[in-house]
Every structure is written in structure tokens, then in C-alpha cells.
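Below: final.pdb (PDB, C-alpha atoms and all ligand atoms)
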```pdb
ATOM      1  CA  ARG A   1     -70.839 172.012  47.282  1.00  0.00           C
ATOM      2  CA  TYR A   2     -74.202 173.274  46.076  1.00  0.00           C
ATOM      3  CA  ALA A   3     -74.309 176.108  43.554  1.00  0.00           C
ATOM      4  CA  ALA A   4     -77.828 177.363  44.214  1.00  0.00           C
ATOM      5  CA  VAL A   5     -80.606 177.447  46.773  1.00  0.00           C
ATOM      6  CA  ILE A   6     -84.290 177.772  45.911  1.00  0.00           C
ATOM      7  CA  PHE A   7     -86.625 178.983  48.621  1.00  0.00           C
ATOM      8  CA  ASP A   8     -90.365 178.652  48.999  1.00  0.00           C
ATOM      9  CA  LEU A   9     -91.992 181.831  50.347  1.00  0.00           C
ATOM     10  CA  ASP A  10     -95.222 181.216  52.281  1.00  0.00           C
ATOM     11  CA  GLY A  11     -94.474 179.416  55.544  1.00  0.00           C
ATOM     12  CA  VAL A  12     -90.699 179.589  55.094  1.00  0.00           C
ATOM     13  CA  ILE A  13     -89.775 183.271  54.802  1.00  0.00           C
ATOM     14  CA  THR A  14     -93.037 184.713  56.099  1.00  0.00           C
ATOM     15  CA  ASP A  15     -96.212 183.323  57.602  1.00  0.00           C
ATOM     16  CA  THR A  16     -99.016 184.150  55.193  1.00  0.00           C
ATOM     17  CA  ALA A  17    -100.957 180.971  56.090  1.00  0.00           C
ATOM     18  CA  ARG A  18    -103.050 182.989  58.560  1.00  0.00           C
ATOM     19  CA  TYR A  19    -104.070 185.468  55.853  1.00  0.00           C
ATOM     20  CA  HIS A  20    -104.873 182.682  53.375  1.00  0.00           C
ATOM     21  CA  TYR A  21    -106.925 181.025  56.125  1.00  0.00           C
ATOM     22  CA  LEU A  22    -108.911 184.166  56.934  1.00  0.00           C
ATOM     23  CA  ALA A  23    -109.653 184.809  53.260  1.00  0.00           C
ATOM     24  CA  TRP A  24    -110.702 181.204  52.543  1.00  0.00           C
ATOM     25  CA  LYS A  25    -112.707 181.061  55.786  1.00  0.00           C
ATOM     26  CA  ARG A  26    -114.822 184.054  54.806  1.00  0.00           C
ATOM     27  CA  LEU A  27    -115.480 182.477  51.410  1.00  0.00           C
ATOM     28  CA  ALA A  28    -116.336 179.067  52.895  1.00  0.00           C
ATOM     29  CA  ASP A  29    -118.689 180.616  55.477  1.00  0.00           C
ATOM     30  CA  GLY A  30    -120.419 182.534  52.684  1.00  0.00           C
ATOM     31  CA  GLU A  31    -120.969 179.283  50.798  1.00  0.00           C
ATOM     32  CA  GLY A  32    -122.019 177.347  53.904  1.00  0.00           C
ATOM     33  CA  VAL A  33    -119.065 174.995  53.500  1.00  0.00           C
ATOM     34  CA  HIS A  34    -117.215 173.674  56.557  1.00  0.00           C
ATOM     35  CA  PHE A  35    -113.620 174.924  56.760  1.00  0.00           C
ATOM     36  CA  ASP A  36    -111.278 175.115  59.736  1.00  0.00           C
ATOM     37  CA  GLU A  37    -107.573 175.516  60.538  1.00  0.00           C
ATOM     38  CA  ALA A  38    -106.988 171.766  60.249  1.00  0.00           C
ATOM     39  CA  ALA A  39    -108.387 171.812  56.708  1.00  0.00           C
ATOM     40  CA  ASN A  40    -106.244 174.875  55.981  1.00  0.00           C
ATOM     41  CA  GLU A  41    -103.122 172.790  56.724  1.00  0.00           C
ATOM     42  CA  HIS A  42    -103.850 170.718  53.613  1.00  0.00           C
ATOM     43  CA  LEU A  43    -103.829 173.852  51.430  1.00  0.00           C
ATOM     44  CA  LYS A  44    -100.200 174.761  52.179  1.00  0.00           C
ATOM     45  CA  GLY A  45     -98.228 174.910  48.957  1.00  0.00           C
ATOM     46  CA  ILE A  46    -101.329 174.222  46.853  1.00  0.00           C
ATOM     47  CA  ASP A  47    -102.158 176.814  44.192  1.00  0.00           C
ATOM     48  CA  ARG A  48    -105.265 179.003  44.287  1.00  0.00           C
ATOM     49  CA  MET A  49    -107.637 176.961  42.108  1.00  0.00           C
ATOM     50  CA  GLY A  50    -106.376 173.700  43.605  1.00  0.00           C
ATOM     51  CA  SER A  51    -107.097 175.076  47.091  1.00  0.00           C
ATOM     52  CA  LEU A  52    -110.612 176.135  46.042  1.00  0.00           C
ATOM     53  CA  GLU A  53    -111.300 172.645  44.651  1.00  0.00           C
ATOM     54  CA  LEU A  54    -110.260 171.115  47.982  1.00  0.00           C
ATOM     55  CA  ILE A  55    -112.577 173.472  49.909  1.00  0.00           C
ATOM     56  CA  LEU A  56    -115.536 172.922  47.564  1.00  0.00           C
ATOM     57  CA  ALA A  57    -115.061 169.140  47.787  1.00  0.00           C
ATOM     58  CA  SER A  58    -117.178 169.286  50.960  1.00  0.00           C
ATOM     59  CA  ALA A  59    -119.887 171.479  49.403  1.00  0.00           C
ATOM     60  CA  THR A  60    -123.370 170.100  48.930  1.00  0.00           C
ATOM     61  CA  ARG A  61    -123.765 171.344  45.371  1.00  0.00           C
ATOM     62  CA  ALA A  62    -121.702 171.519  42.194  1.00  0.00           C
ATOM     63  CA  TYR A  63    -120.083 174.761  41.034  1.00  0.00           C
ATOM     64  CA  SER A  64    -119.598 175.841  37.425  1.00  0.00           C
ATOM     65  CA  ASP A  65    -116.160 176.924  36.195  1.00  0.00           C
ATOM     66  CA  ALA A  66    -117.389 180.531  36.040  1.00  0.00           C
ATOM     67  CA  GLU A  67    -118.594 180.365  39.648  1.00  0.00           C
ATOM     68  CA  LYS A  68    -115.265 178.882  40.752  1.00  0.00           C
ATOM     69  CA  LEU A  69    -113.343 181.632  39.007  1.00  0.00           C
ATOM     70  CA  ALA A  70    -115.525 184.281  40.661  1.00  0.00           C
ATOM     71  CA  LEU A  71    -115.019 182.710  44.104  1.00  0.00           C
ATOM     72  CA  ALA A  72    -111.240 182.472  43.610  1.00  0.00           C
ATOM     73  CA  THR A  73    -111.138 186.121  42.544  1.00  0.00           C
ATOM     74  CA  GLU A  74    -113.222 187.169  45.540  1.00  0.00           C
ATOM     75  CA  LYS A  75    -110.895 185.267  47.898  1.00  0.00           C
ATOM     76  CA  ASN A  76    -107.868 186.872  46.297  1.00  0.00           C
ATOM     77  CA  GLU A  77    -109.292 190.388  46.626  1.00  0.00           C
ATOM     78  CA  HIS A  78    -109.740 189.798  50.358  1.00  0.00           C
ATOM     79  CA  TYR A  79    -106.255 188.231  50.622  1.00  0.00           C
ATOM     80  CA  LYS A  80    -104.742 191.263  48.888  1.00  0.00           C
ATOM     81  CA  GLU A  81    -106.402 193.557  51.452  1.00  0.00           C
ATOM     82  CA  LEU A  82    -104.882 191.471  54.250  1.00  0.00           C
ATOM     83  CA  ILE A  83    -101.316 191.398  52.860  1.00  0.00           C
ATOM     84  CA  ALA A  84    -101.355 195.127  52.096  1.00  0.00           C
ATOM     85  CA  THR A  85    -100.511 195.717  55.755  1.00  0.00           C
ATOM     86  CA  MET A  86     -97.433 193.440  55.714  1.00  0.00           C
ATOM     87  CA  SER A  87     -93.993 194.897  56.460  1.00  0.00           C
ATOM     88  CA  PRO A  88     -90.429 193.694  57.176  1.00  0.00           C
ATOM     89  CA  ALA A  89     -91.724 192.922  60.695  1.00  0.00           C
ATOM     90  CA  ASP A  90     -93.487 189.932  59.086  1.00  0.00           C
ATOM     91  CA  LEU A  91     -90.210 188.234  58.143  1.00  0.00           C
ATOM     92  CA  LEU A  92     -89.880 184.964  60.069  1.00  0.00           C
ATOM     93  CA  PRO A  93     -86.910 184.615  62.483  1.00  0.00           C
ATOM     94  CA  GLY A  94     -83.695 183.733  60.662  1.00  0.00           C
ATOM     95  CA  ALA A  95     -85.065 184.452  57.172  1.00  0.00           C
ATOM     96  CA  VAL A  96     -82.820 187.392  56.298  1.00  0.00           C
ATOM     97  CA  ALA A  97     -79.807 185.749  57.968  1.00  0.00           C
ATOM     98  CA  ALA A  98     -80.363 182.580  55.888  1.00  0.00           C
ATOM     99  CA  LEU A  99     -80.530 184.587  52.659  1.00  0.00           C
ATOM    100  CA  ASP A 100     -77.425 186.553  53.591  1.00  0.00           C
ATOM    101  CA  THR A 101     -75.536 183.362  54.564  1.00  0.00           C
ATOM    102  CA  CYS A 102     -76.304 181.884  51.130  1.00  0.00           C
ATOM    103  CA  ARG A 103     -75.274 185.095  49.393  1.00  0.00           C
ATOM    104  CA  ALA A 104     -71.975 185.240  51.359  1.00  0.00           C
ATOM    105  CA  ALA A 105     -71.278 181.607  50.398  1.00  0.00           C
ATOM    106  CA  GLY A 106     -71.618 182.521  46.721  1.00  0.00           C
ATOM    107  CA  LEU A 107     -74.816 180.558  46.104  1.00  0.00           C
ATOM    108  CA  LYS A 108     -77.305 181.681  43.473  1.00  0.00           C
ATOM    109  CA  ILE A 109     -80.649 182.328  45.176  1.00  0.00           C
ATOM    110  CA  GLY A 110     -84.036 181.551  43.623  1.00  0.00           C
ATOM    111  CA  LEU A 111     -87.631 181.787  44.780  1.00  0.00           C
ATOM    112  CA  ALA A 112     -90.212 179.144  43.826  1.00  0.00           C
ATOM    113  CA  SER A 113     -93.661 180.084  45.131  1.00  0.00           C
ATOM    114  CA  VAL A 114     -96.891 179.125  43.357  1.00  0.00           C
ATOM    115  CA  SER A 115     -98.443 182.293  44.792  1.00  0.00           C
ATOM    116  CA  ARG A 116     -99.403 184.895  42.220  1.00  0.00           C
ATOM    117  CA  ASN A 117     -98.992 187.392  45.047  1.00  0.00           C
ATOM    118  CA  ALA A 118     -95.336 186.478  45.672  1.00  0.00           C
ATOM    119  CA  PHE A 119     -93.944 189.670  44.090  1.00  0.00           C
ATOM    120  CA  THR A 120     -96.229 191.810  46.276  1.00  0.00           C
ATOM    121  CA  VAL A 121     -95.325 189.903  49.440  1.00  0.00           C
ATOM    122  CA  LEU A 122     -91.566 190.116  48.719  1.00  0.00           C
ATOM    123  CA  ASP A 123     -91.966 193.824  48.078  1.00  0.00           C
ATOM    124  CA  ARG A 124     -93.843 194.359  51.363  1.00  0.00           C
ATOM    125  CA  LEU A 125     -91.111 192.399  53.173  1.00  0.00           C
ATOM    126  CA  GLY A 126     -88.421 194.489  51.467  1.00  0.00           C
ATOM    127  CA  ILE A 127     -86.369 191.497  50.242  1.00  0.00           C
ATOM    128  CA  THR A 128     -87.008 191.384  46.470  1.00  0.00           C
ATOM    129  CA  ASP A 129     -83.404 192.310  45.664  1.00  0.00           C
ATOM    130  CA  LYS A 130     -82.042 189.381  47.672  1.00  0.00           C
ATOM    131  CA  PHE A 131     -83.075 186.953  44.896  1.00  0.00           C
ATOM    132  CA  ASP A 132     -81.302 186.292  41.610  1.00  0.00           C
ATOM    133  CA  TYR A 133     -84.447 184.827  40.095  1.00  0.00           C
ATOM    134  CA  ILE A 134     -88.102 184.762  41.164  1.00  0.00           C
ATOM    135  CA  VAL A 135     -90.420 182.376  39.325  1.00  0.00           C
ATOM    136  CA  ASP A 136     -93.565 184.093  38.066  1.00  0.00           C
ATOM    137  CA  ALA A 137     -96.290 181.668  39.216  1.00  0.00           C
ATOM    138  CA  GLY A 138     -98.431 182.782  36.274  1.00  0.00           C
ATOM    139  CA  THR A 139     -95.982 181.049  33.904  1.00  0.00           C
ATOM    140  CA  ILE A 140     -96.187 177.661  35.640  1.00  0.00           C
ATOM    141  CA  ALA A 141     -98.540 175.035  34.166  1.00  0.00           C
ATOM    142  CA  LYS A 142     -98.401 172.505  37.001  1.00  0.00           C
ATOM    143  CA  GLY A 143     -98.255 173.476  40.673  1.00  0.00           C
ATOM    144  CA  LYS A 144     -96.504 171.597  43.453  1.00  0.00           C
ATOM    145  CA  PRO A 145     -96.007 168.613  43.910  1.00  0.00           C
ATOM    146  CA  ASP A 146     -95.031 168.695  40.211  1.00  0.00           C
ATOM    147  CA  PRO A 147     -91.302 169.533  39.871  1.00  0.00           C
ATOM    148  CA  GLU A 148     -91.908 172.183  37.172  1.00  0.00           C
ATOM    149  CA  ILE A 149     -91.494 175.262  39.377  1.00  0.00           C
ATOM    150  CA  PHE A 150     -88.204 174.137  40.978  1.00  0.00           C
ATOM    151  CA  LEU A 151     -86.833 172.976  37.612  1.00  0.00           C
ATOM    152  CA  LYS A 152     -87.696 176.343  36.072  1.00  0.00           C
ATOM    153  CA  ALA A 153     -85.923 178.180  38.894  1.00  0.00           C
ATOM    154  CA  ALA A 154     -82.790 176.017  38.444  1.00  0.00           C
ATOM    155  CA  ARG A 155     -82.803 176.518  34.669  1.00  0.00           C
ATOM    156  CA  GLU A 156     -83.136 180.300  34.993  1.00  0.00           C
ATOM    157  CA  LEU A 157     -80.368 180.381  37.591  1.00  0.00           C
ATOM    158  CA  GLY A 158     -78.190 178.417  35.147  1.00  0.00           C
ATOM    159  CA  VAL A 159     -77.573 175.597  37.620  1.00  0.00           C
ATOM    160  CA  ALA A 160     -78.181 171.840  37.180  1.00  0.00           C
ATOM    161  CA  PRO A 161     -80.983 170.551  39.456  1.00  0.00           C
ATOM    162  CA  GLY A 162     -78.557 168.204  41.229  1.00  0.00           C
ATOM    163  CA  ASP A 163     -76.463 171.219  42.236  1.00  0.00           C
ATOM    164  CA  CYS A 164     -79.445 172.926  43.890  1.00  0.00           C
ATOM    165  CA  PHE A 165     -81.159 172.474  47.211  1.00  0.00           C
ATOM    166  CA  GLY A 166     -84.657 173.606  48.058  1.00  0.00           C
ATOM    167  CA  VAL A 167     -86.260 174.878  51.255  1.00  0.00           C
ATOM    168  CA  GLU A 168     -89.963 174.127  51.848  1.00  0.00           C
ATOM    169  CA  ASP A 169     -92.573 173.948  54.616  1.00  0.00           C
ATOM    170  CA  ALA A 170     -95.272 172.004  52.745  1.00  0.00           C
ATOM    171  CA  VAL A 171     -95.539 168.286  51.991  1.00  0.00           C
ATOM    172  CA  ALA A 172     -96.407 169.119  48.357  1.00  0.00           C
ATOM    173  CA  GLY A 173     -93.404 171.465  48.173  1.00  0.00           C
ATOM    174  CA  VAL A 174     -90.922 168.910  49.502  1.00  0.00           C
ATOM    175  CA  ALA A 175     -92.311 166.408  46.976  1.00  0.00           C
ATOM    176  CA  SER A 176     -91.777 168.988  44.219  1.00  0.00           C
ATOM    177  CA  ILE A 177     -88.114 169.491  45.264  1.00  0.00           C
ATOM    178  CA  LYS A 178     -87.438 165.761  45.490  1.00  0.00           C
ATOM    179  CA  SER A 179     -88.972 164.968  42.117  1.00  0.00           C
ATOM    180  CA  ALA A 180     -86.864 167.789  40.624  1.00  0.00           C
ATOM    181  CA  GLY A 181     -83.823 165.785  41.803  1.00  0.00           C
ATOM    182  CA  MET A 182     -82.731 168.261  44.461  1.00  0.00           C
ATOM    183  CA  TYR A 183     -81.731 168.018  48.110  1.00  0.00           C
ATOM    184  CA  ALA A 184     -84.661 169.111  50.303  1.00  0.00           C
ATOM    185  CA  ILE A 185     -84.592 171.009  53.571  1.00  0.00           C
ATOM    186  CA  GLY A 186     -87.995 170.816  55.246  1.00  0.00           C
ATOM    187  CA  VAL A 187     -89.078 173.566  57.618  1.00  0.00           C
ATOM    188  CA  GLY A 188     -91.520 172.283  60.198  1.00  0.00           C
ATOM    189  CA  ASP A 189     -92.326 168.888  61.702  1.00  0.00           C
ATOM    190  CA  PRO A 190     -90.165 165.865  60.718  1.00  0.00           C
ATOM    191  CA  ALA A 191     -93.190 163.603  61.318  1.00  0.00           C
ATOM    192  CA  VAL A 192     -95.027 165.525  58.569  1.00  0.00           C
ATOM    193  CA  LEU A 193     -92.187 166.298  56.126  1.00  0.00           C
ATOM    194  CA  THR A 194     -91.046 162.698  55.837  1.00  0.00           C
ATOM    195  CA  GLU A 195     -89.706 163.056  52.280  1.00  0.00           C
ATOM    196  CA  ALA A 196     -87.226 165.817  53.212  1.00  0.00           C
ATOM    197  CA  ASP A 197     -83.486 165.079  53.495  1.00  0.00           C
ATOM    198  CA  GLN A 198     -83.368 167.108  56.718  1.00  0.00           C
ATOM    199  CA  VAL A 199     -85.976 169.019  58.699  1.00  0.00           C
ATOM    200  CA  ILE A 200     -85.389 172.175  60.749  1.00  0.00           C
ATOM    201  CA  PRO A 201     -87.966 173.908  62.970  1.00  0.00           C
ATOM    202  CA  ASP A 202     -87.442 177.324  61.352  1.00  0.00           C
ATOM    203  CA  LEU A 203     -84.859 179.304  59.376  1.00  0.00           C
ATOM    204  CA  ALA A 204     -83.068 180.312  62.589  1.00  0.00           C
ATOM    205  CA  ALA A 205     -81.682 176.745  62.439  1.00  0.00           C
ATOM    206  CA  PHE A 206     -80.724 177.016  58.752  1.00  0.00           C
ATOM    207  CA  ARG A 207     -77.248 175.801  57.720  1.00  0.00           C
ATOM    208  CA  ILE A 208     -76.036 175.314  54.143  1.00  0.00           C
ATOM    209  CA  PRO A 209     -76.012 171.506  53.574  1.00  0.00           C
TER     210      PRO A 209
HETATM  211  C1  LIG B 301     -98.769 179.318  48.455  1.00  0.00           C
HETATM  212  C2  LIG B 301     -99.578 179.062  49.704  1.00  0.00           C
HETATM  213  C3  LIG B 301    -100.942 178.499  49.361  1.00  0.00           C
HETATM  214  C4  LIG B 301    -101.627 179.377  48.321  1.00  0.00           C
HETATM  215  C5  LIG B 301    -100.764 179.468  47.064  1.00  0.00           C
HETATM  216  C6  LIG B 301    -101.388 180.333  45.973  1.00  0.00           C
HETATM  217  O1  LIG B 301     -98.335 178.092  47.970  1.00  0.00           O
HETATM  218  O2  LIG B 301     -98.912 178.158  50.568  1.00  0.00           O
HETATM  219  O3  LIG B 301    -101.723 178.415  50.531  1.00  0.00           O
HETATM  220  O4  LIG B 301    -102.901 178.861  47.979  1.00  0.00           O
HETATM  221  O5  LIG B 301     -99.507 180.003  47.448  1.00  0.00           O
HETATM  222  O6  LIG B 301    -101.416 181.667  46.402  1.00  0.00           O
HETATM  223  P1  LIG B 301    -102.104 182.849  45.610  1.00  0.00           P
HETATM  224  O7  LIG B 301    -101.528 184.077  46.261  1.00  0.00           O
HETATM  225  O8  LIG B 301    -101.691 182.733  44.170  1.00  0.00           O
HETATM  226  O9  LIG B 301    -103.570 182.707  45.774  1.00  0.00           O
HETATM  227 MG    MG B 302     -94.955 177.159  51.734  1.00  0.00          MG
END
```

Output the file's structure as C-alpha cells, nothing else.
Ligand code: G6P
Ligand code: MG
Amino acid sequence: RYAAVIFDLDGVITDTARYHYLAWKRLADGEGVHFDEAANEHLKGIDRMGSLELILASATRAYSDAEKLALATEKNEHYKELIATMSPADLLPGAVAALDTCRAAGLKIGLASVSRNAFTVLDRLGITDKFDYIVDAGTIAKGKPDPEIFLKAARELGVAPGDCFGVEDAVAGVASIKSAGMYAIGVGDPAVLTEADQVIPDLAAFRIP
């Protein structure tokens, strides 16, 4: 019997990948850097500066730290405009039912997103109060695939990592869960999420392991 579940947000509970894509695409176009939806796939679960580094890897010139910070801020301002229109209609199928199933089973519920916009997104979705603990991404030194964020969630929930399971859509996220010593439910394609203990297509298929 597990004592806690720790959910990822983007791509699991709601689909913000489209908004991240649009915001990065505008930035990349402005810089004359090639960026498409296939490249966007590799950014899932990767934090903001890490994502920018991946995009600028195909640039023809070098960028200073100050320039990178300005570009990341510009992308985030656009992203914030896009997510301002989100509502509970943006919850993915099965998301609320999965949270309620875990609550009814007496599990502690945590959220481990590296997004610094996670609190805003949860608020727009109207589900903030469904979590016992939400990691503040600003307090995390190492993003996924490092286990830090899942270990912090477990510690704050007062549950040993081995008594937790995590739910993730990204390769880097599943790696983070596994290196934290937790059972991993992947959401997506089993051919992609090969490190997960089980893979489901979406939260409508969620069952407590
Ligand atoms: C999530 C998304 C990533 C995003 C990251 C940081 O992990 O999957 O695509 O880059 O959050 O988001 P932020 O809102 O802090 O820029
Ligand atoms: Mg995700």
C-alpha cells in the first residue's frame, strides 16, 4: 500500500505543452533559430533555462548570460499571457477523478512541477486545494531528471520515498521519479517512457498501483 502520490502538472493534469511551444516558437523565430513541434517534445519536463539552452544550441552565435536571461523572461511574459485564459475546461480527462480517487483512498497528494508558473496554472484550473503539498519550483536547485523535486515532495508530505509513487508524462520526469526510489506511472507512449513501471495513455486509465 502506498502512502502518497506525487503528480507532475504539465502534460499530466493539463496540456500546457501547446502554450510553451507557441511562446518558445515566437522567441526562436525572432532569433532566427529553427524550432518545431518535434524539437518541443524534447523540452517536456525540462526547466525554463534548460529549455532555452536546448533551443539556442542550434543558434549560429553565442549568447551572453544576460541575453539568455532576457530571452527567458520574454518567453515567460508571452507564456503568462497565454495561460491567463486557462480555466477548469483545460483539465485533461480523468484528472479530477484521479485526484479524488487518491484522496478517497487516504493517500497524501503532492505536486512536483519544475514550472515556476505551476501555482498560477493550478489556480486557473481550480484544483489548488486538492494537493497537500505543492513544491515551489523556485526552491529547487536541480531540475528533472535529478530526483530532488520528488524527494522534496515526499519529505514535505512526511512519507518515505519508497512509499510514494509518481505520475509523469516526460522521459526526464520518469527518470526523476525512478532515481528518487519511487514507483513510476508514465502517461503517454510506452515506447517512449521505457523507464516507467507502468504506462497509461491518460489519467482516465489511472488506477492506484
Ligand atoms: C514544465 C514543462 C516544461 C517547462 C517547465 C518550466 O516542466 O513541461 O516544458 O519548460 O515546466 O516552466 P516555466 O513555467 O517555469 O517556464
Ligand atoms: Mg510534464

- prompt: Can I get the residues close to ligand MG 302 (chain B) as a PyMOL selection string, where close means within 6 Å and we count all atoms listed in the file?
  reply: chain A and resi 8-12+44-45+168-170

Matched chain/residue IDs from the PyMOL selection byres (((chain A and resi 92) around 12) and not hetatm), as a CSV table (one decimal) with C-alpha atoms, in the frame of the given file:
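And here is the file that came out, out_4.csv:
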```
chain,number,residue,atom,x,y,z
A,9,LEU,CA,-92.0,181.8,50.3
A,10,ASP,CA,-95.2,181.2,52.3
A,11,GLY,CA,-94.5,179.4,55.5
A,12,VAL,CA,-90.7,179.6,55.1
A,13,ILE,CA,-89.8,183.3,54.8
A,14,THR,CA,-93.0,184.7,56.1
A,15,ASP,CA,-96.2,183.3,57.6
A,16,THR,CA,-99.0,184.2,55.2
A,87,SER,CA,-94.0,194.9,56.5
A,88,PRO,CA,-90.4,193.7,57.2
A,89,ALA,CA,-91.7,192.9,60.7
A,90,ASP,CA,-93.5,189.9,59.1
A,91,LEU,CA,-90.2,188.2,58.1
A,93,PRO,CA,-86.9,184.6,62.5
A,94,GLY,CA,-83.7,183.7,60.7
A,95,ALA,CA,-85.1,184.5,57.2
A,96,VAL,CA,-82.8,187.4,56.3
A,97,ALA,CA,-79.8,185.7,58.0
A,98,ALA,CA,-80.4,182.6,55.9
A,99,LEU,CA,-80.5,184.6,52.7
A,125,LEU,CA,-91.1,192.4,53.2
A,187,VAL,CA,-89.1,173.6,57.6
A,201,PRO,CA,-88.0,173.9,63.0
A,202,ASP,CA,-87.4,177.3,61.4
A,203,LEU,CA,-84.9,179.3,59.4
A,204,ALA,CA,-83.1,180.3,62.6
A,205,ALA,CA,-81.7,176.7,62.4
```

Region 76-82 of chain A: axis-aligned bounding box, 5 Å on each side, centre and edge lengths in Å, one decimal, as AutoDock Vina command-line options:
```
--center_x -107.2 --center_y 190.2 --center_z 50.3 --size_x 15.0 --size_y 16.7 --size_z 18.0
```

Protein and nucleic residues near ligand LIG 301 (chain B), 9 Å, all atoms listed in the file, as an NGL selection string: :A and (8-11 or 16-17 or 20-21 or 40-52 or 72-73 or 75-76 or 79-80 or 113-118 or 137-138 or 143-144 or 169-170 or 173)

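Checking A:Glu74, A:Asp163, A:Glu148, A:Asp29 one by one against Arg1 (chain A), counting all atoms listed in the file, you find the shortest gap at A:Asp163.
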
message: What would the selection look like, as a VMD selection string, if the PyMOL selection byres (((chain A and resi 182) around 8) and not hetatm) were run on the coordinates I just shared?
response: chain A and resid 161 to 166 177 to 181 183 to 184

- prompt: Nearest to Val121 (chain A) among A:Ala84, A:Ile140, A:Ala3, A:Leu107, with distances taken over only C-alpha atoms: which residue is it?
  reply: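 Closest residue, counting only C-alpha atoms: A:Ala84.
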